[in-house]
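**Student:** Structure provided below as structure tokens; questions to follow.
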Amino acid sequence: MLDVRGGWEQALMVVFVVVGLGLIVSKLSEKPRVPDVAVFLVLGILIGPAVLHLVSAPSESQANQFIVYLGATVILFDGGRSVRFDVLRRVYISIALLVTTGVLISAFVVGVAVHYLLHAPWVWSWLLASVVASTDPATLIPVFRRVPIVERLQQTMETESAFNDATASVLVLMLMTAVQTGGHLSVGPAVLKFFYDALIGLAVGVVFGLATMFTVSKRAWGVFHEFGSIVMLVCAVGSYVVASWFDASGFMAAFAAGVITGNGKSFGWSLADETESHIEHTGSVLTMIFRILIFVLLGTQVNFHAVAAHLWGGLLIVAVLMFVARPATVLGSVLFDGMARWNAREVALMTWVRETGVIPAALAGTAVAKGIPQAQTILAVTFLAILCTILIQATSTGAVAKRLGLGRDEQSKDDL
């Protein structure tokens, strides 16, 4: 069996096997239009200790943690680059509420369900709920590439999924600290810590993003314009590292840096077409590789004893997440945005589209690595949330959008 803890040669062999097989199953998933991340999970289960026993990648291993954190950072940075300021100006109130109040609503509702269904302490219940509270740009963006919907709605949900990953990460890390220090959460210090993590992370990301554009754009200094892709990678990793030095959110910093570098024209620092094309291509390749690695390795780490022990409770928690928490999140956010003037069909689609993916997987793995009590339960419920939301919601997004008349080719005047 290949084990990432067996030395660098075995770790390289794991990467070779996982990425190679991942590319094959990704290609096979194109025609039936099955989300590739669902196939990656199944592949991980098949080659992992539960079935064929070919690959072992424990969550607590250094190699796995390196892949998860670097992958999540790159994916968030790339997701940030897809955000457009012109869309934010039209729907910024909805997005701001979805990624702040919305995440809290989702965590609270699911946390109540966890507390009563699993008979768990409140802080631990909210920790599990916060892990699965965010939606996933790594899953959502590929779904919309296959099934494009009206632009305003698509950009809003993609922006929400990128922002709330960072917001949920801050909340989760804060709750992990509370659980590790005895399960007590002081509201005042917790709120201050939340805003400190988020705001310092945003500030670091903005600084790195502006510095990157200044050195890459020919309309500014542009000294590194021919190395745009490399500078972008340095920006993503550097913003995460520096934010972590300040004990702030590295994920928030990486995402904010991505937003700035994706909107260089707004600062008068546009990129040459060749540079932009190269950056887009490199970003797509890197995010694809890390999505394969993270989801396949997650599949190999599923503890089926823990899943079986909490199967029905876990499925009920996921049902609450999909059919109670998500509608509450959307209704509690977008209805307060009179400027966006969302119609009932758009709100309905927003309540349905909420795939769980890379960042929850990364955070669940972090819980195991940090030795959080009953971390395997968190990992098991997260796995069920990923599998159910992807298989049920991601696969049906196109049909639901078509039924609601929100496909890109069916765009009406109200959607312009």
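Each chain in the structure tokens gets a letter, A, B and so on, in the order shown; residues start at 1 in every chain, and ligands are counted from 1 in the order they appear.
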Taking 3 positions as the minimum chain separation for residues in the same chain, which residues sit within 12 Å of A:Met157 when counting only C-alpha atoms? Answer as a ChimeraX atom specification.

**Tutor:** /A:79,82-83,87-88,91-92,94-96,98-99,134-137,139-141,143-144,149-154,160-164,330,334,346-347,349-355

**Student:** Among stretch 180-299 of chain A, which residues carry a DSSP assignment of alpha helix (DSSP H), reported as a PDB file with C-alpha atoms, in the first residue's frame?

**Tutor:**
ATOM      1  CA  GLN A 180      -9.600  23.003  22.740  1.00  0.00           C
ATOM      2  CA  VAL A 187     -19.101  36.164  22.939  1.00  0.00           C
ATOM      3  CA  GLY A 188     -17.312  39.520  23.222  1.00  0.00           C
ATOM      4  CA  PRO A 189     -13.743  38.276  22.668  1.00  0.00           C
ATOM      5  CA  ALA A 190     -15.006  35.823  20.040  1.00  0.00           C
ATOM      6  CA  VAL A 191     -16.638  38.615  18.007  1.00  0.00           C
ATOM      7  CA  LEU A 192     -13.516  40.781  18.301  1.00  0.00           C
ATOM      8  CA  LYS A 193     -11.350  37.849  17.209  1.00  0.00           C
ATOM      9  CA  PHE A 194     -13.663  37.201  14.256  1.00  0.00           C
ATOM     10  CA  PHE A 195     -13.413  40.794  13.019  1.00  0.00           C
ATOM     11  CA  TYR A 196      -9.668  40.914  13.682  1.00  0.00           C
ATOM     12  CA  ASP A 197      -9.065  37.739  11.657  1.00  0.00           C
ATOM     13  CA  ALA A 198     -11.293  38.891   8.806  1.00  0.00           C
ATOM     14  CA  LEU A 199     -10.195  42.533   8.598  1.00  0.00           C
ATOM     15  CA  ILE A 200      -6.454  41.905   8.972  1.00  0.00           C
ATOM     16  CA  GLY A 201      -6.769  39.084   6.446  1.00  0.00           C
ATOM     17  CA  LEU A 202      -8.543  41.424   4.029  1.00  0.00           C
ATOM     18  CA  ALA A 203      -5.939  44.159   4.539  1.00  0.00           C
ATOM     19  CA  VAL A 204      -3.026  41.789   3.904  1.00  0.00           C
ATOM     20  CA  GLY A 205      -4.756  40.405   0.819  1.00  0.00           C
ATOM     21  CA  VAL A 206      -5.414  43.870  -0.609  1.00  0.00           C
ATOM     22  CA  VAL A 207      -1.780  44.925  -0.088  1.00  0.00           C
ATOM     23  CA  PHE A 208      -0.462  41.763  -1.750  1.00  0.00           C
ATOM     24  CA  GLY A 209      -2.952  42.065  -4.595  1.00  0.00           C
ATOM     25  CA  LEU A 210      -2.030  45.682  -5.344  1.00  0.00           C
ATOM     26  CA  ALA A 211       1.699  44.933  -5.114  1.00  0.00           C
ATOM     27  CA  THR A 212       1.262  42.014  -7.506  1.00  0.00           C
ATOM     28  CA  MET A 213      -0.610  44.076 -10.099  1.00  0.00           C
ATOM     29  CA  PHE A 214       1.953  46.867  -9.815  1.00  0.00           C
ATOM     30  CA  THR A 215       4.777  44.469 -10.676  1.00  0.00           C
ATOM     31  CA  VAL A 216       2.933  42.501 -13.386  1.00  0.00           C
ATOM     32  CA  GLY A 228       2.636  36.676 -14.310  1.00  0.00           C
ATOM     33  CA  SER A 229       1.600  33.133 -13.344  1.00  0.00           C
ATOM     34  CA  ILE A 230       4.533  32.685 -10.969  1.00  0.00           C
ATOM     35  CA  VAL A 231       3.932  36.062  -9.335  1.00  0.00           C
ATOM     36  CA  MET A 232       0.248  35.171  -8.853  1.00  0.00           C
ATOM     37  CA  LEU A 233       1.204  31.940  -7.077  1.00  0.00           C
ATOM     38  CA  VAL A 234       3.673  33.835  -4.880  1.00  0.00           C
ATOM     39  CA  CYS A 235       0.904  36.361  -4.138  1.00  0.00           C
ATOM     40  CA  ALA A 236      -1.571  33.639  -3.095  1.00  0.00           C
ATOM     41  CA  VAL A 237       0.871  31.784  -0.847  1.00  0.00           C
ATOM     42  CA  GLY A 238       2.548  34.940   0.459  1.00  0.00           C
ATOM     43  CA  SER A 239      -0.726  36.583   1.487  1.00  0.00           C
ATOM     44  CA  TYR A 240      -1.707  33.421   3.389  1.00  0.00           C
ATOM     45  CA  VAL A 241       1.671  33.211   5.159  1.00  0.00           C
ATOM     46  CA  VAL A 242       1.861  36.886   6.138  1.00  0.00           C
ATOM     47  CA  ALA A 243      -1.735  36.928   7.415  1.00  0.00           C
ATOM     48  CA  SER A 244      -0.912  33.859   9.505  1.00  0.00           C
ATOM     49  CA  TRP A 245       2.091  35.716  10.982  1.00  0.00           C
ATOM     50  CA  GLY A 250      -4.789  33.336   5.666  1.00  0.00           C
ATOM     51  CA  PHE A 251      -7.736  32.074   3.640  1.00  0.00           C
ATOM     52  CA  MET A 252      -9.388  35.505   3.735  1.00  0.00           C
ATOM     53  CA  ALA A 253      -6.105  37.117   2.689  1.00  0.00           C
ATOM     54  CA  ALA A 254      -5.645  34.747  -0.265  1.00  0.00           C
ATOM     55  CA  PHE A 255      -9.185  35.355  -1.465  1.00  0.00           C
ATOM     56  CA  ALA A 256      -8.912  39.156  -1.113  1.00  0.00           C
ATOM     57  CA  ALA A 257      -5.630  39.107  -3.033  1.00  0.00           C
ATOM     58  CA  GLY A 258      -7.360  37.147  -5.773  1.00  0.00           C
ATOM     59  CA  VAL A 259     -10.190  39.688  -5.994  1.00  0.00           C
ATOM     60  CA  ILE A 260      -7.722  42.564  -6.403  1.00  0.00           C
ATOM     61  CA  THR A 261      -5.623  40.796  -9.055  1.00  0.00           C
ATOM     62  CA  ASP A 273      -3.846  39.595 -23.225  1.00  0.00           C
ATOM     63  CA  GLU A 274      -1.036  37.045 -23.385  1.00  0.00           C
ATOM     64  CA  THR A 275      -0.270  37.473 -19.673  1.00  0.00           C
ATOM     65  CA  GLU A 276      -3.937  37.177 -18.715  1.00  0.00           C
ATOM     66  CA  SER A 277      -4.360  34.066 -20.853  1.00  0.00           C
ATOM     67  CA  HIS A 278      -1.317  32.423 -19.311  1.00  0.00           C
ATOM     68  CA  ILE A 279      -2.476  33.223 -15.783  1.00  0.00           C
ATOM     69  CA  GLU A 280      -5.952  31.823 -16.481  1.00  0.00           C
ATOM     70  CA  HIS A 281      -4.523  28.635 -17.962  1.00  0.00           C
ATOM     71  CA  THR A 282      -2.072  28.102 -15.097  1.00  0.00           C
ATOM     72  CA  GLY A 283      -4.774  28.812 -12.521  1.00  0.00           C
ATOM     73  CA  SER A 284      -7.123  26.278 -14.122  1.00  0.00           C
ATOM     74  CA  VAL A 285      -4.395  23.622 -14.169  1.00  0.00           C
ATOM     75  CA  LEU A 286      -3.373  24.182 -10.541  1.00  0.00           C
ATOM     76  CA  THR A 287      -6.928  24.235  -9.201  1.00  0.00           C
ATOM     77  CA  MET A 288      -7.752  21.071 -11.145  1.00  0.00           C
ATOM     78  CA  ILE A 289      -4.740  19.253  -9.688  1.00  0.00           C
ATOM     79  CA  PHE A 290      -5.541  20.340  -6.139  1.00  0.00           C
ATOM     80  CA  ARG A 291      -9.243  19.525  -6.477  1.00  0.00           C
ATOM     81  CA  ILE A 292      -8.301  15.998  -7.536  1.00  0.00           C
ATOM     82  CA  LEU A 293      -5.803  15.605  -4.698  1.00  0.00           C
ATOM     83  CA  ILE A 294      -8.052  17.027  -1.971  1.00  0.00           C
ATOM     84  CA  PHE A 295     -11.210  15.117  -2.875  1.00  0.00           C
ATOM     85  CA  VAL A 296      -9.552  11.791  -3.680  1.00  0.00           C
ATOM     86  CA  LEU A 297      -7.510  11.924  -0.485  1.00  0.00           C
ATOM     87  CA  LEU A 298     -10.665  12.870   1.440  1.00  0.00           C
ATOM     88  CA  GLY A 299     -12.304   9.738   0.048  1.00  0.00           C
TER      89      GLY A 299
END

**Student:** Distance table requested - stretch 28-63 of chain A against stretch 393-403 of chain A, cut-off 12 Å, only C-alpha atoms: one row per qualifying residue with the closest atom pair and its distance in Å to one decimal, ordered by chain and rising residue number, as a Markdown table.

**Tutor:**
| residue | atom | partner | partner_atom | distance |
| --- | --- | --- | --- | --- |
| A:Ser29 | CA | A:Thr395 | CA | 11.5 |
| A:Glu30 | CA | A:Thr395 | CA | 12.0 |
| A:Pro32 | CA | A:Thr395 | CA | 9.8 |
| A:Arg33 | CA | A:Thr395 | CA | 7.4 |
| A:Val34 | CA | A:Thr395 | CA | 6.2 |
| A:Pro35 | CA | A:Thr395 | CA | 6.6 |
| A:Asp36 | CA | A:Thr395 | CA | 10.3 |
| A:Val37 | CA | A:Ala394 | CA | 10.2 |
| A:Ala38 | CA | A:Ala394 | CA | 9.6 |
| A:Val39 | CA | A:Thr395 | CA | 12.0 |

**Student:** Quick one: of A:Lys370, A:Val132, A:Asp165, A:Pro360, who's nearest to A:Ser106, counting only C-alpha atoms?

**Tutor:**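 For A:Ser106, the nearest of the candidates is A:Val132.
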
**Student:** Between atom CA of A:Phe77 and atom CA of A:Val25, what is the distance, to one decimal in Å?

**Tutor:**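 Here the two named atoms are 25.6 Å from each other.
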
**Student:** Between atom CA of A:Ala362 and atom CA of A:Val179, what is the distance in Å, rounded to a tenth?

**Tutor:** 18.1 Å

**Student:** Rounded to one decimal in Å, what is the spacing between atom CA of A:Ile105 and atom CA of A:Thr329?

**Tutor:**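 Between atom CA of A:Ile105 and atom CA of A:Thr329 the gap works out to 5.8 Å.
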
**Student:** Let me make sure I understand: among A:Thr181, A:Gly71, A:Leu97, A:Val42, which one has the smallest atom-to-atom distance to A:Asp337 if we use only C-alpha atoms?

**Tutor:**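 For A:Asp337, the nearest of the candidates is A:Leu97.
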